[in-house]
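K.L.:
Please read through the structure below; I'll follow up with questions.
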Amino acid sequence: MQPEYKAIARQSLLFSSMPAEDAEMLLSKAHVTEYDRGQTIFLQGEKATAIYIVISGWAKLYRIAPRLRTY
């Protein structure tokens with residue numbers, strides 16, 4: 001991972017409150033992945049296997065709510 005990407009990640013809420021050596025250990029195993037617009041990264045209900053930090057652009061998160069019956 002490029003040093004400038006590590007610096008951005010270290011500013012995130014998760015990593016900024018973490019001891020530096022722990023953050024460095026996790027970030028040393030990190031990699032950069034690019035996604036196309038509209039591409040699904042993960043789905044609701046899937047087991048979490050990664051932490052995502054947006055370096056450039058944005059991600060849209062949404063949750064599907066149960067359908068309410070109307071009488």
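Chain identifiers are assigned as A, B, and so on, following the order in which chains appear in the structure tokens; residues are numbered from 1 within each chain, and ligands are numbered from 1 in order of appearance.
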According to DSSP computed on the backbone, where in stretch 5-37 of chain A is there alpha helix (DSSP H)? Give the residues as JSON, numbers by chain.

P.N.:
{"A": [5, 6, 7, 8, 9, 10, 13, 14, 15, 16, 20, 21, 22, 23, 24, 25, 26, 27, 28]}

K.L.:
Only N, CA, C and O atoms, please: the residues just picked out, written as an mmCIF file, in the first residue's frame.

P.N.:
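Writing the result to again03.cif gives the following:
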data_model
loop_
_atom_site.group_PDB
_atom_site.id
_atom_site.type_symbol
_atom_site.label_atom_id
_atom_site.label_comp_id
_atom_site.auth_asym_id
_atom_site.auth_seq_id
_atom_site.Cartn_x
_atom_site.Cartn_y
_atom_site.Cartn_z
ATOM 1 N N TYR A 5 -1.727 6.469 0.974
ATOM 2 C CA TYR A 5 -2.959 5.748 1.301
ATOM 3 C C TYR A 5 -2.971 5.328 2.767
ATOM 4 O O TYR A 5 -4.000 5.387 3.431
ATOM 5 N N LYS A 6 -1.817 4.911 3.277
ATOM 6 C CA LYS A 6 -1.713 4.573 4.699
ATOM 7 C C LYS A 6 -2.012 5.799 5.555
ATOM 8 O O LYS A 6 -2.683 5.697 6.574
ATOM 9 N N ALA A 7 -1.517 6.964 5.120
ATOM 10 C CA ALA A 7 -1.756 8.201 5.873
ATOM 11 C C ALA A 7 -3.247 8.527 5.913
ATOM 12 O O ALA A 7 -3.768 8.941 6.951
ATOM 13 N N ILE A 8 -3.936 8.325 4.807
ATOM 14 C CA ILE A 8 -5.386 8.563 4.765
ATOM 15 C C ILE A 8 -6.099 7.583 5.694
ATOM 16 O O ILE A 8 -6.971 7.969 6.463
ATOM 17 N N ALA A 9 -5.725 6.324 5.638
ATOM 18 C CA ALA A 9 -6.341 5.310 6.487
ATOM 19 C C ALA A 9 -6.113 5.627 7.962
ATOM 20 O O ALA A 9 -7.010 5.459 8.788
ATOM 21 N N ARG A 10 -4.926 6.100 8.301
ATOM 22 C CA ARG A 10 -4.608 6.428 9.701
ATOM 23 C C ARG A 10 -5.469 7.568 10.225
ATOM 24 O O ARG A 10 -5.635 7.719 11.432
ATOM 25 N N LEU A 13 -11.577 7.122 11.689
ATOM 26 C CA LEU A 13 -11.968 6.990 13.090
ATOM 27 C C LEU A 13 -11.416 5.704 13.708
ATOM 28 O O LEU A 13 -10.910 5.705 14.830
ATOM 29 N N LEU A 14 -11.482 4.615 12.986
ATOM 30 C CA LEU A 14 -10.999 3.334 13.491
ATOM 31 C C LEU A 14 -9.504 3.363 13.781
ATOM 32 O O LEU A 14 -9.056 3.009 14.870
ATOM 33 N N PHE A 15 -8.718 3.784 12.810
ATOM 34 C CA PHE A 15 -7.268 3.733 12.960
ATOM 35 C C PHE A 15 -6.690 4.880 13.779
ATOM 36 O O PHE A 15 -5.637 4.729 14.387
ATOM 37 N N SER A 16 -7.349 6.011 13.814
ATOM 38 C CA SER A 16 -6.803 7.153 14.553
ATOM 39 C C SER A 16 -6.802 6.913 16.060
ATOM 40 O O SER A 16 -5.991 7.497 16.775
ATOM 41 N N ALA A 20 -0.327 2.983 17.309
ATOM 42 C CA ALA A 20 0.367 3.058 16.016
ATOM 43 C C ALA A 20 0.890 1.706 15.548
ATOM 44 O O ALA A 20 0.774 1.375 14.366
ATOM 45 N N GLU A 21 1.451 0.906 16.453
ATOM 46 C CA GLU A 21 2.004 -0.382 16.018
ATOM 47 C C GLU A 21 0.902 -1.353 15.586
ATOM 48 O O GLU A 21 1.091 -2.132 14.651
ATOM 49 N N ASP A 22 -0.262 -1.285 16.214
ATOM 50 C CA ASP A 22 -1.386 -2.130 15.795
ATOM 51 C C ASP A 22 -1.907 -1.697 14.428
ATOM 52 O O ASP A 22 -2.182 -2.536 13.561
ATOM 53 N N ALA A 23 -2.038 -0.393 14.240
ATOM 54 C CA ALA A 23 -2.504 0.125 12.946
ATOM 55 C C ALA A 23 -1.526 -0.245 11.841
ATOM 56 O O ALA A 23 -1.943 -0.677 10.756
ATOM 57 N N GLU A 24 -0.252 -0.114 12.105
ATOM 58 C CA GLU A 24 0.756 -0.443 11.095
ATOM 59 C C GLU A 24 0.710 -1.929 10.741
ATOM 60 O O GLU A 24 0.838 -2.301 9.581
ATOM 61 N N MET A 25 0.509 -2.787 11.736
ATOM 62 C CA MET A 25 0.431 -4.222 11.485
ATOM 63 C C MET A 25 -0.758 -4.543 10.568
ATOM 64 O O MET A 25 -0.626 -5.285 9.608
ATOM 65 N N LEU A 26 -1.903 -3.938 10.849
ATOM 66 C CA LEU A 26 -3.081 -4.178 10.008
ATOM 67 C C LEU A 26 -2.899 -3.587 8.606
ATOM 68 O O LEU A 26 -3.216 -4.234 7.607
ATOM 69 N N LEU A 27 -2.385 -2.374 8.544
ATOM 70 C CA LEU A 27 -2.227 -1.714 7.245
ATOM 71 C C LEU A 27 -1.137 -2.362 6.395
ATOM 72 O O LEU A 27 -1.168 -2.266 5.171
ATOM 73 N N SER A 28 -0.191 -3.043 7.028
ATOM 74 C CA SER A 28 0.850 -3.727 6.253
ATOM 75 C C SER A 28 0.260 -4.876 5.442
ATOM 76 O O SER A 28 0.852 -5.315 4.457
#

K.L.:
Near A:Leu43, counting only C-alpha atoms, which residues have an atom at most 12 Å away, once you skip same-chain residues fewer than 4 positions from it, shown as a list in words?

P.N.:
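Returned residues: Gln39, Lys47, Ala48, Thr49, Lys60, Leu61, Tyr62, Arg63 and Ile64 of chain A.
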
K.L.:
I need the residues from that last selection saved to file as a PDB file, in the first residue's frame (with all heavy atoms), if you can.

P.N.:
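Written output follows (out_24.pdb):
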ATOM      1  N   GLN A  39     -20.917  -0.975  -8.732  1.00  0.00           N
ATOM      2  CA  GLN A  39     -20.502  -2.327  -8.392  1.00  0.00           C
ATOM      3  C   GLN A  39     -20.794  -2.613  -6.924  1.00  0.00           C
ATOM      4  O   GLN A  39     -20.583  -1.775  -6.058  1.00  0.00           O
ATOM      5  CB  GLN A  39     -19.014  -2.504  -8.666  1.00  0.00           C
ATOM      6  CG  GLN A  39     -18.524  -3.902  -8.469  1.00  0.00           C
ATOM      7  CD  GLN A  39     -17.066  -4.069  -8.880  1.00  0.00           C
ATOM      8  OE1 GLN A  39     -16.463  -3.176  -9.456  1.00  0.00           O
ATOM      9  NE2 GLN A  39     -16.500  -5.222  -8.574  1.00  0.00           N
ATOM     10  N   LYS A  47     -21.211 -12.230   6.270  1.00  0.00           N
ATOM     11  CA  LYS A  47     -20.238 -12.178   7.359  1.00  0.00           C
ATOM     12  C   LYS A  47     -19.137 -11.178   6.970  1.00  0.00           C
ATOM     13  O   LYS A  47     -18.621 -11.218   5.843  1.00  0.00           O
ATOM     14  CB  LYS A  47     -19.634 -13.562   7.586  1.00  0.00           C
ATOM     15  CG  LYS A  47     -18.662 -13.615   8.716  1.00  0.00           C
ATOM     16  CD  LYS A  47     -18.132 -15.019   8.923  1.00  0.00           C
ATOM     17  CE  LYS A  47     -17.118 -15.022  10.046  1.00  0.00           C
ATOM     18  NZ  LYS A  47     -16.569 -16.367  10.261  1.00  0.00           N
ATOM     19  N   ALA A  48     -18.785 -10.301   7.899  1.00  0.00           N
ATOM     20  CA  ALA A  48     -17.740  -9.307   7.633  1.00  0.00           C
ATOM     21  C   ALA A  48     -16.382  -9.995   7.562  1.00  0.00           C
ATOM     22  O   ALA A  48     -16.011 -10.741   8.458  1.00  0.00           O
ATOM     23  CB  ALA A  48     -17.737  -8.242   8.716  1.00  0.00           C
ATOM     24  N   THR A  49     -15.676  -9.760   6.483  1.00  0.00           N
ATOM     25  CA  THR A  49     -14.343 -10.343   6.309  1.00  0.00           C
ATOM     26  C   THR A  49     -13.287  -9.280   6.037  1.00  0.00           C
ATOM     27  O   THR A  49     -12.117  -9.616   5.879  1.00  0.00           O
ATOM     28  CB  THR A  49     -14.333 -11.350   5.150  1.00  0.00           C
ATOM     29  OG1 THR A  49     -14.715 -10.671   3.944  1.00  0.00           O
ATOM     30  CG2 THR A  49     -15.272 -12.517   5.413  1.00  0.00           C
ATOM     31  N   LYS A  60     -21.977   4.163  -1.542  1.00  0.00           N
ATOM     32  CA  LYS A  60     -23.363   4.291  -1.114  1.00  0.00           C
ATOM     33  C   LYS A  60     -23.717   3.062  -0.290  1.00  0.00           C
ATOM     34  O   LYS A  60     -23.603   1.937  -0.761  1.00  0.00           O
ATOM     35  CB  LYS A  60     -24.270   4.388  -2.341  1.00  0.00           C
ATOM     36  CG  LYS A  60     -25.724   4.566  -2.023  1.00  0.00           C
ATOM     37  CD  LYS A  60     -26.510   4.694  -3.323  1.00  0.00           C
ATOM     38  CE  LYS A  60     -27.972   4.932  -3.079  1.00  0.00           C
ATOM     39  NZ  LYS A  60     -28.701   5.062  -4.352  1.00  0.00           N
ATOM     40  N   LEU A  61     -24.111   3.289   0.944  1.00  0.00           N
ATOM     41  CA  LEU A  61     -24.528   2.196   1.825  1.00  0.00           C
ATOM     42  C   LEU A  61     -26.024   2.294   2.055  1.00  0.00           C
ATOM     43  O   LEU A  61     -26.555   3.374   2.260  1.00  0.00           O
ATOM     44  CB  LEU A  61     -23.817   2.292   3.178  1.00  0.00           C
ATOM     45  CG  LEU A  61     -22.299   2.231   3.161  1.00  0.00           C
ATOM     46  CD1 LEU A  61     -21.761   2.451   4.567  1.00  0.00           C
ATOM     47  CD2 LEU A  61     -21.827   0.897   2.622  1.00  0.00           C
ATOM     48  N   TYR A  62     -26.673   1.171   2.006  1.00  0.00           N
ATOM     49  CA  TYR A  62     -28.090   1.172   2.341  1.00  0.00           C
ATOM     50  C   TYR A  62     -28.462  -0.167   2.936  1.00  0.00           C
ATOM     51  O   TYR A  62     -27.779  -1.158   2.759  1.00  0.00           O
ATOM     52  CB  TYR A  62     -28.965   1.515   1.141  1.00  0.00           C
ATOM     53  CG  TYR A  62     -28.896   0.541  -0.006  1.00  0.00           C
ATOM     54  CD1 TYR A  62     -29.810  -0.488  -0.119  1.00  0.00           C
ATOM     55  CD2 TYR A  62     -27.920   0.667  -0.990  1.00  0.00           C
ATOM     56  CE1 TYR A  62     -29.758  -1.381  -1.168  1.00  0.00           C
ATOM     57  CE2 TYR A  62     -27.854  -0.232  -2.044  1.00  0.00           C
ATOM     58  CZ  TYR A  62     -28.776  -1.244  -2.123  1.00  0.00           C
ATOM     59  OH  TYR A  62     -28.714  -2.128  -3.160  1.00  0.00           O
ATOM     60  N   ARG A  63     -29.546  -0.146   3.676  1.00  0.00           N
ATOM     61  CA  ARG A  63     -30.039  -1.343   4.346  1.00  0.00           C
ATOM     62  C   ARG A  63     -31.464  -1.595   3.873  1.00  0.00           C
ATOM     63  O   ARG A  63     -32.282  -0.682   3.828  1.00  0.00           O
ATOM     64  CB  ARG A  63     -30.015  -1.126   5.856  1.00  0.00           C
ATOM     65  CG  ARG A  63     -30.491  -2.287   6.652  1.00  0.00           C
ATOM     66  CD  ARG A  63     -30.435  -1.956   8.144  1.00  0.00           C
ATOM     67  NE  ARG A  63     -30.940  -3.056   8.905  1.00  0.00           N
ATOM     68  CZ  ARG A  63     -30.196  -3.989   9.470  1.00  0.00           C
ATOM     69  NH1 ARG A  63     -28.883  -3.902   9.384  1.00  0.00           N
ATOM     70  NH2 ARG A  63     -30.735  -4.974  10.139  1.00  0.00           N
ATOM     71  N   ILE A  64     -31.761  -2.822   3.552  1.00  0.00           N
ATOM     72  CA  ILE A  64     -33.102  -3.181   3.114  1.00  0.00           C
ATOM     73  C   ILE A  64     -33.925  -3.491   4.354  1.00  0.00           C
ATOM     74  O   ILE A  64     -33.584  -4.366   5.141  1.00  0.00           O
ATOM     75  CB  ILE A  64     -33.062  -4.381   2.150  1.00  0.00           C
ATOM     76  CG1 ILE A  64     -32.229  -4.024   0.920  1.00  0.00           C
ATOM     77  CG2 ILE A  64     -34.469  -4.815   1.775  1.00  0.00           C
ATOM     78  CD1 ILE A  64     -31.956  -5.181  -0.002  1.00  0.00           C
TER      79      ILE A  64
END

K.L.:
Pick the closest to A:Gln2 from A:Ser17, A:Leu68, A:Ile55, A:Ile41: which is it, counting only C-alpha atoms?

P.N.:
A:Ile55

K.L.:
Go ahead and compute the interatomic distance for atom CA of A:Ser56 and atom CA of A:Glu34, in Å to one decimal.

P.N.:
9.6 Å

K.L.:
Enter the distance from atom CA of A:Ala50 to atom CA of A:Ala30, in Å, rounded to one decimal.

P.N.:
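So the two atoms, atom CA of A:Ala50 and atom CA of A:Ala30, lie 9.6 Å apart.
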
K.L.:
Quick one, how far is atom CA of A:Ala65 from atom CA of A:Gln44?

P.N.:
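Spanning atom CA of A:Ala65 to atom CA of A:Gln44 is a straight-line distance of 10.5 Å.
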